[in-house]
>>> print(open('final34.csv').read())   # CSV, C-alpha atoms
chain,number,residue,atom,x,y,z
D,1,MET,CA,-45.5,152.0,82.4
D,2,GLN,CA,-46.6,155.4,81.2
D,3,LEU,CA,-49.8,156.9,82.6
D,4,GLU,CA,-52.1,158.6,80.1
D,5,GLN,CA,-53.1,162.1,81.0
D,6,PRO,CA,-56.8,162.9,80.6
D,7,THR,CA,-57.5,165.3,77.8
D,8,ALA,CA,-59.6,168.4,77.9
D,9,GLN,CA,-62.4,166.7,76.0
D,10,GLU,CA,-62.9,164.5,79.1
D,11,HIS,CA,-63.6,167.5,81.3
D,12,ASP,CA,-67.1,168.8,81.2
D,13,GLY,CA,-67.3,168.7,77.4
D,14,LEU,CA,-64.4,171.0,76.7
D,15,SER,CA,-62.9,170.7,73.3
D,16,GLY,CA,-59.9,173.1,73.7
D,17,ALA,CA,-56.6,172.0,75.0
D,18,ILE,CA,-55.2,173.7,78.2
D,19,LEU,CA,-51.7,175.2,78.4
D,20,CYS,CA,-50.3,176.3,81.8
D,21,LEU,CA,-47.6,178.9,81.4
D,22,ARG,CA,-44.8,179.0,83.9
D,23,SER,CA,-42.3,181.8,84.4
D,24,GLY,CA,-38.7,180.8,84.6
D,25,THR,CA,-38.7,181.1,88.4
D,26,GLU,CA,-41.6,178.7,89.1
D,27,PRO,CA,-41.0,175.0,89.8
D,28,ALA,CA,-41.7,172.4,87.1
D,29,ASP,CA,-44.7,171.1,89.1
D,30,TRP,CA,-46.2,174.6,89.6
D,31,PHE,CA,-49.5,173.5,87.9
D,32,LEU,CA,-49.4,169.9,89.1
D,33,ASP,CA,-53.1,170.0,90.3
D,34,GLN,CA,-54.2,171.5,87.0
D,35,VAL,CA,-52.3,168.9,85.0
D,36,HIS,CA,-54.0,166.1,86.9
D,37,ALA,CA,-57.5,167.6,87.2
D,38,LEU,CA,-57.8,169.3,83.8
D,39,GLY,CA,-55.4,167.4,81.6
D,40,ALA,CA,-53.3,170.5,81.1
D,41,ILE,CA,-49.8,170.7,79.8
D,42,GLU,CA,-47.2,172.9,81.5
D,43,TRP,CA,-44.8,175.0,79.5
D,44,ALA,CA,-42.0,177.4,80.3
D,45,PRO,CA,-39.6,179.2,78.0
D,46,ASP,CA,-35.9,178.3,77.7
D,47,GLY,CA,-33.9,181.0,79.5
D,48,GLU,CA,-35.2,184.5,79.9
D,49,PRO,CA,-36.2,185.5,76.3
D,50,ASP,CA,-37.5,188.9,75.2
D,51,ASP,CA,-41.1,189.1,74.1
D,52,GLU,CA,-40.4,188.2,70.4
D,53,ALA,CA,-38.3,185.2,71.3
D,54,TRP,CA,-40.8,184.2,73.9
D,55,LEU,CA,-43.6,184.3,71.3
D,56,ALA,CA,-41.5,182.2,68.9
D,57,GLN,CA,-40.9,179.6,71.6
D,58,ALA,CA,-44.6,179.6,72.5
D,59,ASP,CA,-45.6,179.1,68.9
D,60,VAL,CA,-43.4,176.0,68.7
D,61,ALA,CA,-44.8,174.7,72.0
D,62,ILE,CA,-48.4,175.1,70.8
D,63,SER,CA,-47.6,173.6,67.4
D,64,ASP,CA,-45.7,170.6,68.9
D,65,ASP,CA,-47.9,169.9,72.0
D,66,PHE,CA,-51.3,170.8,70.6
D,67,ASP,CA,-50.9,170.3,66.9
D,68,GLY,CA,-51.4,174.0,66.4
D,69,ARG,CA,-55.0,173.9,67.9
D,70,PRO,CA,-56.1,176.9,69.9
D,71,VAL,CA,-55.6,176.6,73.6
D,72,HIS,CA,-57.0,177.9,76.9
D,73,VAL,CA,-54.1,179.5,78.7
D,74,ILE,CA,-53.7,179.3,82.5
D,75,ALA,CA,-51.1,181.6,84.1
D,76,ALA,CA,-50.4,182.8,87.6
D,77,GLY,CA,-48.4,185.6,89.2
D,78,THR,CA,-45.6,187.0,87.0
D,79,ALA,CA,-46.5,184.7,84.1
D,80,VAL,CA,-49.8,186.6,83.5
D,81,PRO,CA,-48.4,189.4,81.4
D,82,ARG,CA,-46.9,186.9,79.0
D,83,ALA,CA,-50.3,185.1,78.8
D,84,LEU,CA,-51.8,188.5,77.9
D,85,LEU,CA,-49.1,189.0,75.3
D,86,LEU,CA,-49.9,185.7,73.7
D,87,ALA,CA,-53.6,186.6,73.5
D,88,ALA,CA,-52.8,190.0,72.1
D,89,ARG,CA,-50.3,188.9,69.4
D,90,ARG,CA,-51.7,185.4,68.6
D,91,PRO,CA,-55.5,185.8,69.2
D,92,ASP,CA,-56.2,182.9,66.8
D,93,GLN,CA,-54.2,180.6,69.1
D,94,VAL,CA,-55.9,181.5,72.4
D,95,ILE,CA,-59.5,180.6,73.3
D,96,SER,CA,-59.4,182.1,76.8
D,97,ILE,CA,-57.0,183.4,79.5
D,98,LEU,CA,-57.3,182.1,83.1
D,99,ALA,CA,-55.2,184.3,85.3
D,100,GLY,CA,-54.5,183.5,88.9
D,101,ASP,CA,-53.3,186.2,91.3
D,102,PRO,CA,-51.7,188.3,88.5
D,103,GLU,CA,-48.5,190.3,89.3
D,104,VAL,CA,-48.2,193.2,86.8
D,105,ASP,CA,-46.3,196.4,86.6
D,106,GLU,CA,-49.0,199.1,86.7
D,107,SER,CA,-46.3,201.8,86.3
D,108,ASP,CA,-45.4,200.6,82.8
D,109,PRO,CA,-47.4,202.3,80.0
D,110,ALA,CA,-46.8,199.2,77.8
D,111,TYR,CA,-48.9,197.2,80.3
D,112,TRP,CA,-51.9,199.4,79.8
D,113,GLU,CA,-51.5,199.3,76.0
D,114,LEU,CA,-51.2,195.5,76.2
D,115,LEU,CA,-54.6,195.3,78.1
D,116,ARG,CA,-56.3,197.4,75.3
D,117,GLN,CA,-55.0,194.9,72.7
D,118,VAL,CA,-56.5,191.8,74.5
D,119,HIS,CA,-60.0,190.8,73.3
D,120,THR,CA,-59.8,187.2,74.4
D,121,PRO,CA,-62.3,186.2,77.2
D,122,THR,CA,-60.3,186.5,80.4
D,123,LEU,CA,-61.1,185.2,83.9
D,124,VAL,CA,-59.0,186.6,86.7
D,125,VAL,CA,-59.2,184.6,89.9
D,126,VAL,CA,-57.7,186.2,93.0
D,127,ALA,CA,-57.1,184.9,96.5
D,128,ALA,CA,-58.3,187.1,99.4
D,129,PRO,CA,-57.1,185.7,102.7
D,130,ARG,CA,-58.8,188.7,104.5
D,131,PRO,CA,-61.7,190.9,103.7
D,132,ASP,CA,-59.3,193.9,103.3
D,133,ALA,CA,-56.8,192.0,101.0
D,134,ASP,CA,-55.5,194.1,98.1
D,135,THR,CA,-56.9,192.9,94.8
D,136,SER,CA,-56.1,196.0,92.8
D,137,GLN,CA,-53.7,194.4,90.4
D,138,ALA,CA,-56.3,191.7,89.6
D,139,GLN,CA,-58.9,194.5,89.1
D,140,THR,CA,-56.7,196.3,86.6
D,141,VAL,CA,-56.3,193.1,84.5
D,142,ALA,CA,-60.0,192.2,84.5
D,143,GLY,CA,-61.2,195.8,84.1
D,144,GLY,CA,-58.7,196.6,81.4
D,145,ILE,CA,-59.7,193.8,79.0
D,146,ASP,CA,-62.9,194.0,77.0
D,147,ASN,CA,-64.0,190.5,77.9
D,148,GLY,CA,-62.5,190.4,81.4
D,149,VAL,CA,-64.2,189.0,84.5
D,150,MET,CA,-62.8,188.8,88.1
D,151,VAL,CA,-63.6,186.3,90.8
D,152,ILE,CA,-62.4,186.6,94.4
D,153,ILE,CA,-62.0,183.5,96.5
D,154,ASP,CA,-62.3,184.5,100.1
D,155,GLY,CA,-60.3,182.9,102.9
D,156,THR,CA,-57.7,181.7,100.5
D,157,THR,CA,-54.0,182.6,100.2
D,158,ALA,CA,-52.1,183.2,97.0
D,159,PRO,CA,-51.4,181.4,94.8
D,160,VAL,CA,-55.0,180.5,94.5
D,161,HIS,CA,-54.4,177.7,92.0
D,162,ARG,CA,-52.3,175.9,94.6
D,163,SER,CA,-54.0,176.8,97.8
D,164,ASN,CA,-57.5,176.1,96.6
D,165,PRO,CA,-57.1,174.0,93.4
D,166,ARG,CA,-60.6,172.6,93.6
D,167,SER,CA,-62.4,175.9,93.6
D,168,PHE,CA,-59.9,177.2,91.0
D,169,ALA,CA,-60.7,174.2,88.7
D,170,GLU,CA,-64.4,174.8,89.1
D,171,TRP,CA,-64.2,178.4,88.1
D,172,VAL,CA,-61.8,178.0,85.2
D,173,THR,CA,-63.6,174.9,83.8
D,174,ALA,CA,-66.9,176.8,83.8
D,175,PHE,CA,-65.3,179.9,82.2
D,176,MET,CA,-63.5,177.7,79.5
D,177,SER,CA,-66.9,176.2,78.6
D,178,ILE,CA,-68.4,179.7,78.2
D,179,ALA,CA,-65.4,180.9,76.1
D,180,GLU,CA,-65.8,177.9,73.8
D,181,GLY,CA,-69.5,178.7,73.5
D,182,LEU,CA,-68.7,182.3,72.6
D,183,GLN,CA,-66.2,181.1,70.0
D,184,THR,CA,-68.9,179.2,68.2
D,185,LEU,CA,-71.0,182.4,68.0
D,186,ALA,CA,-68.2,184.5,66.5
D,187,PRO,CA,-68.6,185.3,62.8
D,188,GLN,CA,-66.5,182.9,60.7
D,189,PRO,CA,-64.4,184.3,57.9
D,190,ARG,CA,-66.0,183.8,54.5
D,191,GLU,CA,-64.0,182.6,51.5
D,192,GLU,CA,-64.7,184.4,48.3
D,193,THR,CA,-64.6,182.6,45.0
D,194,HIS,CA,-64.1,184.4,41.7
D,195,ALA,CA,-65.2,182.8,38.5
>>> encode(input="final34.csv", output="structure tokens")
Amino acid sequence: MQLEQPTAQEHDGLSGAILCLRSGTEPADWFLDQVHALGAIEWAPDGEPDDEAWLAQADVAISDDFDGRPVHVIAAGTAVPRALLLAARRPDQVISILAGDPEVDESDPAYWELLRQVHTPTLVVVAAPRPDADTSQAQTVAGGIDNGVMVIIDGTTAPVHRSNPRSFAEWVTAFMSIAEGLQTLAPQPREETHA
């Protein structure tokens, strides 16, 4: 007997599908709570592809798993830069980015250029087990993106999506709803007809 997974439409009126990006080092059940609570689908690339090969694999996954519909993208840790890459290079495929405890290379100039290219609404959720916890990497992501917002969940250890899945789900669900609302306000391309 196969269990049916809930769809995004069943969660607080969301219409967009939810894709959880895993890096190659994360276990297959890395986003298990999000799969069950949000109806998300997990995906990881085959092997360790370069950026162009990774984008090609992501295109196929979105086409196959979501019929090419735009998606909300959840990523954590080292997978966050690839989520940002997808938003920068395929903005029509990404409704929002939900980044948990991002791990980024702040010494890489390409990272800063990538941030400037992302215009997708982005929520960065970071765990802070202590009041003096270092949240600087999360701050660079949220602060470097035009539509970036950061939330700190106090008293929680990283990765926040696993240690506090309920709070994570509440924040990302609310943000996804806002991103979908913003998408409806965006000017739609107009078709010109010539007689």
>>> residues_around(input="final34.csv", residues="Leu114 of chain D", least_positions_apart="4", cutoff="7 Å", atoms="only C-alpha atoms", output="PyMOL selection string")
chain D and resi 85+110+118
>>> residues_around(input="final34.csv", residues="segment 70-78 of chain D", least_positions_apart="4", cutoff="8 Å", atoms="all atoms listed in the file", output="list in words")
Gly16, Ala17, Ile18, Leu19, Cys20, Leu21, Arg22, Ser23, Ile62, Phe66, Ala83, Asp92, Gln93, Val94, Ile95, Ser96, Ile97, Leu98, Ala99, Gly100, Asp101, Pro102, Glu103, Val104, Pro159, His161 and Met176 of chain D
>>> write_last_selection(input="final34.csv", atoms="C-alpha atoms", output="short mmCIF file (atom, residue, chain, number, x, y, z; two decimals), in the frame of the given file")
data_model
loop_
_atom_site.label_atom_id
_atom_site.label_comp_id
_atom_site.auth_asym_id
_atom_site.auth_seq_id
_atom_site.Cartn_x
_atom_site.Cartn_y
_atom_site.Cartn_z
CA GLY D 16 -59.90 173.10 73.70
CA ALA D 17 -56.60 172.00 75.00
CA ILE D 18 -55.20 173.70 78.20
CA LEU D 19 -51.70 175.20 78.40
CA CYS D 20 -50.30 176.30 81.80
CA LEU D 21 -47.60 178.90 81.40
CA ARG D 22 -44.80 179.00 83.90
CA SER D 23 -42.30 181.80 84.40
CA ILE D 62 -48.40 175.10 70.80
CA PHE D 66 -51.30 170.80 70.60
CA ALA D 83 -50.30 185.10 78.80
CA ASP D 92 -56.20 182.90 66.80
CA GLN D 93 -54.20 180.60 69.10
CA VAL D 94 -55.90 181.50 72.40
CA ILE D 95 -59.50 180.60 73.30
CA SER D 96 -59.40 182.10 76.80
CA ILE D 97 -57.00 183.40 79.50
CA LEU D 98 -57.30 182.10 83.10
CA ALA D 99 -55.20 184.30 85.30
CA GLY D 100 -54.50 183.50 88.90
CA ASP D 101 -53.30 186.20 91.30
CA PRO D 102 -51.70 188.30 88.50
CA GLU D 103 -48.50 190.30 89.30
CA VAL D 104 -48.20 193.20 86.80
CA PRO D 159 -51.40 181.40 94.80
CA HIS D 161 -54.40 177.70 92.00
CA MET D 176 -63.50 177.70 79.50
#
>>> residues_near_point(input="final34.csv", point="(-64.9, 183.4, 73.3)", cutoff="8 Å", atoms="all atoms listed in the file", output="JSON, numbers by chain")
{"D": [95, 96, 120, 121, 178, 179, 180, 181, 182, 183, 184, 186]}
>>> atom_distance(input="final34.csv", atom1="atom CA of Gly39 of chain D", atom2="atom CA of Pro27 of chain D")
18.2 Å
>>> closest_residue(input="final34.csv", among="D:Phe175, D:Trp112, D:Trp54, D:Phe168", to="Gln34 of chain D", atoms="only C-alpha atoms")
D:Phe168
>>> closest_residue(input="final34.csv", among="D:Asp50, D:Glu170, D:Glu106, D:Glu26", to="Gly144 of chain D", atoms="all atoms listed in the file")
D:Glu106
>>> residues_near_point(input="final34.csv", point="(-59.1, 186.4, 105.1)", cutoff="7 Å", atoms="all atoms listed in the file", output="VMD selection string")
chain D and resid 128 to 131 154 to 156
>>> atom_distance(input="final34.csv", atom1="atom CA of Tyr111 of chain D", atom2="atom CA of Val151 of chain D")
21.1 Å
